[in-house]
$ cat input-v3.pdb   # PDB, C-alpha atoms
ATOM      1  CA  MET A   1       0.000   0.000   0.000
ATOM      2  CA  THR A   2       0.978   3.611  -0.544
ATOM      3  CA  THR A   3       0.148   6.664   1.501
ATOM      4  CA  MET A   4      -1.351   9.508  -0.539
ATOM      5  CA  THR A   5      -0.372  13.128  -0.057
ATOM      6  CA  TYR A   6      -2.813  15.977  -0.221
ATOM      7  CA  GLY A   7      -3.135  19.730  -0.403
ATOM      8  CA  ARG A   8      -1.782  22.510  -2.593
ATOM      9  CA  ALA A   9       0.193  23.868   0.322
ATOM     10  CA  ALA A  10       2.292  20.717   0.323
ATOM     11  CA  ALA A  11       4.020  21.677  -2.931
ATOM     12  CA  ALA A  12       7.469  21.714  -1.380
ATOM     13  CA  GLY A  13       7.105  18.147  -0.158
ATOM     14  CA  LEU A  14       5.178  16.831  -3.126
ATOM     15  CA  LEU A  15       8.063  16.222  -5.518
ATOM     16  CA  SER A  16       9.775  13.418  -3.626
ATOM     17  CA  ALA A  17       6.499  11.897  -2.486
ATOM     18  CA  ALA A  18       5.008  11.789  -5.980
ATOM     19  CA  CYS A  19       8.187  10.395  -7.472
ATOM     20  CA  LEU A  20       8.340   7.628  -4.900
ATOM     21  CA  VAL A  21       4.683   6.780  -5.381
ATOM     22  CA  ALA A  22       5.125   6.506  -9.128
ATOM     23  CA  LEU A  23       8.171   4.323  -8.688
ATOM     24  CA  GLY A  24       6.334   2.010  -6.292
ATOM     25  CA  ALA A  25       8.064   3.043  -3.059
ATOM     26  CA  VAL A  26       6.337   4.080   0.157
ATOM     27  CA  PRO A  27       6.811   7.824   0.766
ATOM     28  CA  ALA A  28       6.281   9.860   3.863
ATOM     29  CA  ALA A  29       3.091  11.831   3.289
ATOM     30  CA  ALA A  30       3.418  15.612   3.098
ATOM     31  CA  GLU A  31       0.343  15.786   5.328
ATOM     32  CA  PRO A  32      -1.359  13.061   7.355
ATOM     33  CA  GLY A  33      -3.095  10.480   5.207
ATOM     34  CA  VAL A  34      -4.258   6.897   5.327
ATOM     35  CA  PRO A  35      -3.097   3.823   3.433
ATOM     36  CA  VAL A  36      -4.983   3.563   0.138
ATOM     37  CA  PRO A  37      -4.927   0.223  -1.679
ATOM     38  CA  PRO A  38      -4.396   0.089  -5.455
ATOM     39  CA  ALA A  39      -7.496  -0.416  -7.613
ATOM     40  CA  ALA A  40      -8.450  -1.767 -11.026
ATOM     41  CA  GLY A  41      -9.147   1.689 -12.469
ATOM     42  CA  PRO A  42      -9.035   5.418 -11.601
ATOM     43  CA  ASP A  43     -12.754   5.506 -10.769
ATOM     44  CA  GLN A  44     -12.406   2.570  -8.383
ATOM     45  CA  ALA A  45      -9.352   4.147  -6.757
ATOM     46  CA  ALA A  46     -11.163   7.462  -6.281
ATOM     47  CA  SER A  47     -14.286   5.913  -4.774
ATOM     48  CA  ALA A  48     -12.541   3.400  -2.494
ATOM     49  CA  PRO A  49     -13.628   3.657   1.174
ATOM     50  CA  ALA A  50     -10.104   4.524   2.278
ATOM     51  CA  THR A  51      -9.963   7.331  -0.290
ATOM     52  CA  LEU A  52     -13.276   8.747   0.885
ATOM     53  CA  ASP A  53     -12.025   8.620   4.456
ATOM     54  CA  THR A  54      -8.973  10.663   3.480
ATOM     55  CA  LEU A  55     -11.209  13.074   1.555
ATOM     56  CA  SER A  56     -13.206  13.615   4.724
ATOM     57  CA  ARG A  57      -9.989  14.492   6.538
ATOM     58  CA  PHE A  58      -9.011  16.793   3.680
ATOM     59  CA  PHE A  59     -12.276  18.735   3.681
ATOM     60  CA  ALA A  60     -12.400  18.905   7.482
ATOM     61  CA  ARG A  61      -8.804  19.953   8.072
ATOM     62  CA  ASP A  62      -9.582  23.692   8.161
ATOM     63  CA  GLY A  63     -12.242  23.193  10.791
ATOM     64  CA  ALA A  64     -15.040  24.075   8.380
ATOM     65  CA  ARG A  65     -16.907  20.916   9.334
ATOM     66  CA  ALA A  66     -16.447  18.068  11.732
ATOM     67  CA  ARG A  67     -15.005  14.984  10.091
ATOM     68  CA  SER A  68     -18.180  12.996  10.742
ATOM     69  CA  ALA A  69     -20.213  15.577   8.812
ATOM     70  CA  ALA A  70     -17.821  15.916   5.888
ATOM     71  CA  ARG A  71     -18.482  12.683   4.025
ATOM     72  CA  PRO A  72     -17.748  13.603   0.402
ATOM     73  CA  ARG A  73     -18.897  12.114  -2.899
ATOM     74  CA  ILE A  74     -17.181  11.483  -6.234
ATOM     75  CA  GLU A  75     -18.945  13.265  -9.080
ATOM     76  CA  GLY A  76     -18.635  11.923 -12.623
ATOM     77  CA  ALA A  77     -15.946   9.755 -14.157
ATOM     78  CA  ALA A  78     -12.203  10.258 -13.973
ATOM     79  CA  VAL A  79     -10.669  12.184 -16.870
ATOM     80  CA  PRO A  80      -7.182  11.902 -18.384
ATOM     81  CA  VAL A  81      -5.037  14.941 -17.653
ATOM     82  CA  ARG A  82      -2.676  15.819 -20.489
ATOM     83  CA  VAL A  83       0.403  17.996 -20.183
ATOM     84  CA  LEU A  84       2.455  19.656 -22.925
ATOM     85  CA  SER A  85       4.729  17.017 -24.453
ATOM     86  CA  PRO A  86       8.512  17.545 -24.609
ATOM     87  CA  ASP A  87       8.563  15.614 -27.887
ATOM     88  CA  PHE A  88       6.171  18.167 -29.373
ATOM     89  CA  VAL A  89       8.307  21.039 -28.081
ATOM     90  CA  ALA A  90      11.385  19.408 -29.599
ATOM     91  CA  GLY A  91       9.629  19.051 -32.968
ATOM     92  CA  LYS A  92       9.657  15.263 -33.078
ATOM     93  CA  ALA A  93       7.763  14.039 -36.131
ATOM     94  CA  GLY A  94       4.261  12.833 -35.301
ATOM     95  CA  ALA A  95       4.459  13.834 -31.635
ATOM     96  CA  PRO A  96       1.086  14.854 -30.150
ATOM     97  CA  VAL A  97       0.828  18.241 -28.490
ATOM     98  CA  ALA A  98       0.380  16.647 -25.070
ATOM     99  CA  ARG A  99       0.514  13.326 -23.276
ATOM    100  CA  VAL A 100      -1.440  11.850 -20.385
ATOM    101  CA  GLU A 101       0.314  12.332 -17.039
ATOM    102  CA  PHE A 102      -2.404  11.204 -14.625
ATOM    103  CA  HIS A 103      -6.181  10.916 -14.251
ATOM    104  CA  ALA A 104      -8.347  13.208 -12.157
ATOM    105  CA  SER A 105     -11.673  12.691 -10.386
ATOM    106  CA  LYS A 106     -13.882  15.431  -8.975
ATOM    107  CA  ALA A 107     -14.744  15.167  -5.293
ATOM    108  CA  VAL A 108     -17.489  17.274  -3.711
ATOM    109  CA  ALA A 109     -17.957  17.999  -0.007
ATOM    110  CA  PRO A 110     -21.446  18.312   1.545
ATOM    111  CA  ASP A 111     -21.017  22.109   1.640
ATOM    112  CA  GLY A 112     -20.174  22.260  -2.076
ATOM    113  CA  ARG A 113     -16.402  22.623  -1.880
ATOM    114  CA  THR A 114     -14.524  20.672  -4.520
ATOM    115  CA  ALA A 115     -11.254  18.790  -4.761
ATOM    116  CA  SER A 116      -9.398  16.885  -7.443
ATOM    117  CA  LEU A 117      -8.102  13.355  -6.871
ATOM    118  CA  TRP A 118      -5.017  12.535  -8.943
ATOM    119  CA  THR A 119      -4.499   8.860  -9.812
ATOM    120  CA  VAL A 120      -1.738   7.036 -11.648
ATOM    121  CA  ARG A 121      -1.274   3.467 -12.843
ATOM    122  CA  GLY A 122       1.647   1.601 -11.361
ATOM    123  CA  PRO A 123       3.967  -0.929 -13.010
ATOM    124  CA  ASP A 124       1.615  -3.733 -11.973
ATOM    125  CA  GLY A 125      -1.301  -2.072 -13.753
ATOM    126  CA  ALA A 126      -3.144  -1.118 -10.561
ATOM    127  CA  TRP A 127      -4.323   2.455 -10.037
ATOM    128  CA  GLN A 128      -3.336   4.538  -7.019
ATOM    129  CA  VAL A 129      -4.472   7.926  -5.707
ATOM    130  CA  VAL A 130      -1.326  10.001  -5.159
ATOM    131  CA  ASN A 131      -2.636  13.475  -4.372
ATOM    132  CA  ILE A 132      -5.692  15.549  -3.492
ATOM    133  CA  ALA A 133      -5.777  19.183  -4.596
ATOM    134  CA  THR A 134      -8.361  21.838  -3.866
ATOM    135  CA  GLY A 135     -10.593  22.881  -6.747
ATOM    136  CA  ASP A 136     -11.730  21.043  -9.852
ATOM    137  CA  ASP A 137      -9.505  22.488 -12.595
ATOM    138  CA  GLU A 138      -8.878  19.187 -14.323
ATOM    139  CA  THR A 139     -12.466  18.029 -14.736
ATOM    140  CA  ARG A 140     -13.826  21.546 -15.270
ATOM    141  CA  TYR A 141     -11.453  22.410 -18.106
ATOM    142  CA  THR A 142     -11.966  18.998 -19.685
ATOM    143  CA  ALA A 143     -15.714  19.690 -19.845
ATOM    144  CA  GLN A 144     -15.151  23.256 -21.036
ATOM    145  CA  GLY A 145     -12.853  22.059 -23.812
ATOM    146  CA  ALA A 146     -15.416  19.516 -24.987
ATOM    147  CA  ARG A 147     -17.926  22.330 -25.388
ATOM    148  CA  ALA A 148     -15.515  24.741 -27.058
ATOM    149  CA  LEU A 149     -14.040  22.268 -29.542
ATOM    150  CA  PRO A 150     -15.947  18.947 -29.592
ATOM    151  CA  GLY A 151     -13.633  15.994 -30.072
ATOM    152  CA  GLY A 152     -10.580  18.037 -29.138
ATOM    153  CA  ILE A 153      -7.767  17.248 -26.711
ATOM    154  CA  VAL A 154      -7.624  19.315 -23.524
ATOM    155  CA  PHE A 155      -4.148  19.902 -22.141
ATOM    156  CA  ARG A 156      -2.182  22.076 -19.755
ATOM    157  CA  GLU A 157       0.994  24.074 -20.267
ATOM    158  CA  PRO A 158       2.288  23.888 -16.689
ATOM    159  CA  GLN A 159       4.975  26.537 -17.027
ATOM    160  CA  ILE A 160       2.334  29.269 -17.215
ATOM    161  CA  ASP A 161      -0.620  27.288 -15.792
ATOM    162  CA  ALA A 162      -2.503  27.624 -19.074
ATOM    163  CA  TRP A 163      -5.262  25.313 -20.289
ATOM    164  CA  TYR A 164      -6.067  24.736 -23.974
ATOM    165  CA  VAL A 165      -8.084  22.507 -26.256
ATOM    166  CA  GLN A 166      -6.605  21.304 -29.554
ATOM    167  CA  ARG A 167      -8.205  19.631 -32.508
ATOM    168  CA  GLY A 168      -6.481  19.271 -35.849
ATOM    169  CA  ALA A 169      -4.649  22.497 -36.645
ATOM    170  CA  LYS A 170      -6.563  24.624 -34.099
ATOM    171  CA  VAL A 171      -5.574  25.503 -30.530
ATOM    172  CA  LEU A 172      -8.081  27.438 -28.403
ATOM    173  CA  PRO A 173      -7.556  28.991 -24.940
ATOM    174  CA  LEU A 174      -9.638  27.812 -21.987
ATOM    175  CA  ASP A 175      -8.446  30.162 -19.255
ATOM    176  CA  GLU A 176      -6.954  33.619 -18.793
ATOM    177  CA  ASP A 177      -3.359  32.387 -18.889
ATOM    178  CA  ALA A 178      -3.911  30.654 -22.210
ATOM    179  CA  LEU A 179      -5.801  33.665 -23.571
ATOM    180  CA  ARG A 180      -2.812  35.882 -22.829
ATOM    181  CA  ALA A 181      -0.548  33.383 -24.580
ATOM    182  CA  VAL A 182      -2.481  32.755 -27.804
ATOM    183  CA  GLY A 183      -5.246  35.362 -27.944
ATOM    184  CA  ARG A 184      -9.005  35.088 -27.693
ATOM    185  CA  ASN A 185      -9.356  33.371 -31.069
ATOM    186  CA  GLY A 186      -6.558  30.901 -30.414
ATOM    187  CA  THR A 187      -3.822  29.995 -32.833
ATOM    188  CA  SER A 188      -2.712  27.311 -35.238
ATOM    189  CA  LEU A 189      -0.976  24.191 -33.999
ATOM    190  CA  ALA A 190       2.136  25.157 -35.981
ATOM    191  CA  ALA A 191       2.225  28.625 -34.433
ATOM    192  CA  TYR A 192       1.725  27.186 -30.981
ATOM    193  CA  ARG A 193       4.590  24.759 -31.555
ATOM    194  CA  ALA A 194       6.819  27.652 -32.597
ATOM    195  CA  ARG A 195       5.908  29.542 -29.427
ATOM    196  CA  VAL A 196       6.605  26.706 -26.987
ATOM    197  CA  ALA A 197       9.781  25.742 -28.856
ATOM    198  CA  ALA A 198      11.076  29.284 -28.409
ATOM    199  CA  ALA A 199      10.036  29.349 -24.753
ATOM    200  CA  TYR A 200      11.150  25.887 -23.635
ATOM    201  CA  GLY A 201      13.327  24.388 -26.343
ATOM    202  CA  ASP A 202      16.506  25.109 -24.377
ATOM    203  CA  LYS A 203      15.129  23.482 -21.218
ATOM    204  CA  LEU A 204      14.571  19.948 -22.465
ATOM    205  CA  PRO A 205      16.383  16.900 -21.026
ATOM    206  CA  GLY A 206      20.059  17.037 -21.938
ATOM    207  CA  SER A 207      20.135  20.837 -22.112
ATOM    208  CA  ALA A 208      22.512  23.063 -20.172
ATOM    209  CA  TYR A 209      19.509  24.277 -18.180
ATOM    210  CA  ALA A 210      18.724  20.743 -17.128
ATOM    211  CA  GLY A 211      22.395  20.047 -16.478
ATOM    212  CA  LYS A 212      22.501  22.820 -13.869
ATOM    213  CA  GLY A 213      19.898  20.934 -11.865
ATOM    214  CA  ALA A 214      17.274  23.633 -12.378
ATOM    215  CA  ALA A 215      15.128  21.150 -14.255
ATOM    216  CA  GLY A 216      16.150  18.177 -12.188
ATOM    217  CA  GLY A 217      13.906  18.666  -9.224
ATOM    218  CA  TYR A 218      16.622  17.565  -6.814
ATOM    219  CA  GLY A 219      16.891  20.755  -4.796
ATOM    220  CA  THR A 220      14.260  22.378  -2.606
ATOM    221  CA  PRO A 221      11.749  24.048  -4.927
ATOM    222  CA  SER A 222      10.895  27.683  -4.354
ATOM    223  CA  PRO A 223       7.284  28.463  -3.404
ATOM    224  CA  ALA A 224       6.631  30.487  -6.552
ATOM    225  CA  PRO A 225       9.362  30.050  -9.190
ATOM    226  CA  ALA A 226       9.545  32.681 -11.905
ATOM    227  CA  GLU A 227       9.940  29.973 -14.502
ATOM    228  CA  GLU A 228       9.242  26.267 -14.193
ATOM    229  CA  PRO A 229      11.123  23.663 -16.233
ATOM    230  CA  LEU A 230       9.360  21.616 -18.852
ATOM    231  CA  LEU A 231      10.945  18.359 -17.771
ATOM    232  CA  THR A 232      13.518  16.994 -15.405
ATOM    233  CA  THR A 233      16.816  15.538 -16.504
ATOM    234  CA  ALA A 234      15.943  12.520 -14.391
ATOM    235  CA  SER A 235      12.853  11.895 -16.497
ATOM    236  CA  ALA A 236      15.042  10.787 -19.370
ATOM    237  CA  THR A 237      16.376   7.943 -17.269
ATOM    238  CA  ALA A 238      13.885   7.403 -14.470
ATOM    239  CA  GLY A 239      10.824   7.278 -16.706
ATOM    240  CA  ALA A 240       7.293   8.242 -15.772
ATOM    241  CA  GLY A 241       7.985   8.669 -12.074
ATOM    242  CA  ALA A 242      10.106  11.789 -12.419
ATOM    243  CA  VAL A 243       7.859  13.238 -15.110
ATOM    244  CA  LEU A 244       4.832  12.751 -12.901
ATOM    245  CA  ALA A 245       6.610  14.248  -9.928
ATOM    246  CA  LEU A 246       7.353  17.494 -11.737
ATOM    247  CA  SER A 247       3.849  17.651 -13.160
ATOM    248  CA  LEU A 248       2.307  17.286  -9.708
ATOM    249  CA  LEU A 249       4.744  19.780  -8.229
ATOM    250  CA  ALA A 250       4.060  22.346 -10.957
ATOM    251  CA  ALA A 251       0.301  21.918 -10.605
ATOM    252  CA  ALA A 252       0.403  22.333  -6.839
ATOM    253  CA  ALA A 253       2.743  25.321  -6.962
ATOM    254  CA  ARG A 254       0.726  27.124  -9.600
ATOM    255  CA  ARG A 255      -2.568  26.429  -7.866
ATOM    256  CA  ARG A 256      -1.146  27.742  -4.622
ATOM    257  CA  ARG A 257       0.122  30.886  -6.321
ATOM    258  CA  ARG A 258      -3.250  31.535  -7.967
ATOM    259  CA  GLU A 259      -5.049  30.925  -4.673
ATOM    260  CA  THR A 260      -2.752  33.375  -2.877
ATOM    261  CA  ALA A 261      -3.179  36.008  -5.584
ATOM    262  CA  GLY A 262      -6.950  35.651  -5.370
TER     263      GLY A 262
END

$ encode --input "input-v3.pdb" --output "structure tokens"
Amino acid sequence: MTTMTYGRAAAAGLLSAACLVALGAVPAAAEPGVPVPPAAGPDQAASAPATLDTLSRFFARDGARARSAARPRIEGAAVPVRVLSPDFVAGKAGAPVARVEFHASKAVAPDGRTASLWTVRGPDGAWQVVNIATGDDETRYTAQGARALPGGIVFREPQIDAWYVQRGAKVLPLDEDALRAVGRNGTSLAAYRARVAAAYGDKLPGSAYAGKGAAGGYGTPSPAPAEEPLLTTASATAGAGAVLALSLLAAAARRRRRETAG
């Protein structure tokens, strides 16, 4: 069994925990949690009794409700969460704009507050909840993208916390960060590729930027970095675990920054 971590405020401790979870080790939780057994799918992992128990703790931790009154529910099915692909940034032939990093399920407290459960599939094929974050960005933007561009692929550019939907040669913004990046009417896939290549092309695995350790995720991350790396050097050798770790860290850090700014 693995112990899940939870909370946006745990960004500093999330990197090592997420990496260990993805690699099948048992991490020390960034905040108190309970053992959550692996499941056959992301929906089963999200709705497991142990997960719901931890959700109750999560929603009750600020004293808003007593734990006994904070029994949450899972709303809808889990959705794949895609993140900008380094192969696309590097211009690799046939590379999709984004790739699936984890799945997310929407959890709702009795008082209407929401949270997002992040699940990943381990080497044995079983699914595991690895983090709980406040809000419902992942499921909300997935639904918004389906309305804006039916049949499109919703993805996130974590470096600027921007959400988009892409179908064919069209890329449309789904939030304010994406709107600032590509404009209200969106852009072409080729133009978007040119933009991210210019912004992140020198920060890919094997780059001098990565070699300095800035993209390695080995040091203590700052609470609100001015610029977040696209990938870690370790991801080239450690596989999905390191990639997932940075994705979770970036998501938590950006959510925390947005929450503070609000």

$ residues_around --input "input-v3.pdb" --residues "region 109-111 of chain A" --least-positions-apart "6" --cutoff "7 Å" --atoms "only C-alpha atoms" --output "list of chain:residue names"
A:Phe59, A:Ala70, A:Arg71, A:Pro72, A:Arg73

$ closest_residue --input "input-v3.pdb" --among "A:Ala77, A:Val154, A:Ala169, A:Leu117" --to "Arg193 (chain A)" --atoms "all atoms listed in the file"
A:Ala169

$ residues_around --input "input-v3.pdb" --residues "Ala198 (chain A)" --least-positions-apart "5" --cutoff "12 Å" --atoms "only C-alpha atoms" --output "MDAnalysis selection string"
chainID A and resid 89:91 191:193 203:204

$ resolve_selection --input "input-v3.pdb" --expression "the PyMOL selection byres ((chain A and resi 146) around 12)" --output "VMD selection string"
chain A and resid 79 139 to 145 147 to 155 164 to 167 172 174

$ closest_residue --input "input-v3.pdb" --among "A:Ala93, A:Val171, A:Ala39, A:Leu55" --to "Gly186 (chain A)" --atoms "only C-alpha atoms"
A:Val171

$ atom_distance --input "input-v3.pdb" --atom1 "CA of Arg57 (chain A)" --atom2 "CA of Asp161 (chain A)"
27.4 Å

$ atom_distance --input "input-v3.pdb" --atom1 "CA of Pro96 (chain A)" --atom2 "CA of Pro42 (chain A)"
23.1 Å

$ closest_residue --input "input-v3.pdb" --among "A:Phe102, A:Pro80, A:Val97, A:Val108" --to "Leu52 (chain A)" --atoms "all atoms listed in the file"
A:Val108

$ residues_around --input "input-v3.pdb" --residues "Ala40 (chain A)" --least-positions-apart "4" --cutoff "12 Å" --atoms "all atoms listed in the file" --output "mmCIF file with C-alpha atoms, in the coordinates of the input"
data_model
loop_
_atom_site.group_PDB
_atom_site.id
_atom_site.type_symbol
_atom_site.label_atom_id
_atom_site.label_comp_id
_atom_site.auth_asym_id
_atom_site.auth_seq_id
_atom_site.Cartn_x
_atom_site.Cartn_y
_atom_site.Cartn_z
ATOM 1 C CA GLN A 44 -12.406 2.570 -8.383
ATOM 2 C CA ALA A 45 -9.352 4.147 -6.757
ATOM 3 C CA ALA A 46 -11.163 7.462 -6.281
ATOM 4 C CA SER A 47 -14.286 5.913 -4.774
ATOM 5 C CA ALA A 48 -12.541 3.400 -2.494
ATOM 6 C CA THR A 119 -4.499 8.860 -9.812
ATOM 7 C CA VAL A 120 -1.738 7.036 -11.648
ATOM 8 C CA ARG A 121 -1.274 3.467 -12.843
ATOM 9 C CA GLY A 122 1.647 1.601 -11.361
ATOM 10 C CA ASP A 124 1.615 -3.733 -11.973
ATOM 11 C CA GLY A 125 -1.301 -2.072 -13.753
ATOM 12 C CA ALA A 126 -3.144 -1.118 -10.561
ATOM 13 C CA TRP A 127 -4.323 2.455 -10.037
ATOM 14 C CA GLN A 128 -3.336 4.538 -7.019
ATOM 15 C CA VAL A 129 -4.472 7.926 -5.707
#

$ closest_residue --input "input-v3.pdb" --among "A:Gly135, A:Gly94, A:Gly201, A:Pro38" --to "Lys106 (chain A)" --atoms "only C-alpha atoms"
A:Gly135

$ atom_distance --input "input-v3.pdb" --atom1 "CA of Pro123 (chain A)" --atom2 "CA of Trp163 (chain A)"
28.8 Å

$ closest_residue --input "input-v3.pdb" --among "A:Gln159, A:Asn131, A:Asn185, A:Thr54" --to "Ala104 (chain A)" --atoms "all atoms listed in the file"
A:Asn131

$ residues_around --input "input-v3.pdb" --residues "Arg82 (chain A)" --least-positions-apart "2" --cutoff "6 Å" --atoms "all atoms listed in the file" --output "ChimeraX atom specification"
/A:98-101,155

$ closest_residue --input "input-v3.pdb" --among "A:Ala107, A:Leu189, A:Ile74, A:Ala194" --to "Ala133 (chain A)" --atoms "only C-alpha atoms"
A:Ala107

$ axis_aligned_box --input "input-v3.pdb" --around "region 144-156 of chain A" --padding-each-side "4 Å" --output "JSON"
{"center_x": -10.1, "center_y": 20.4, "center_z": -24.9, "size_x": 23.7, "size_y": 16.7, "size_z": 18.3}
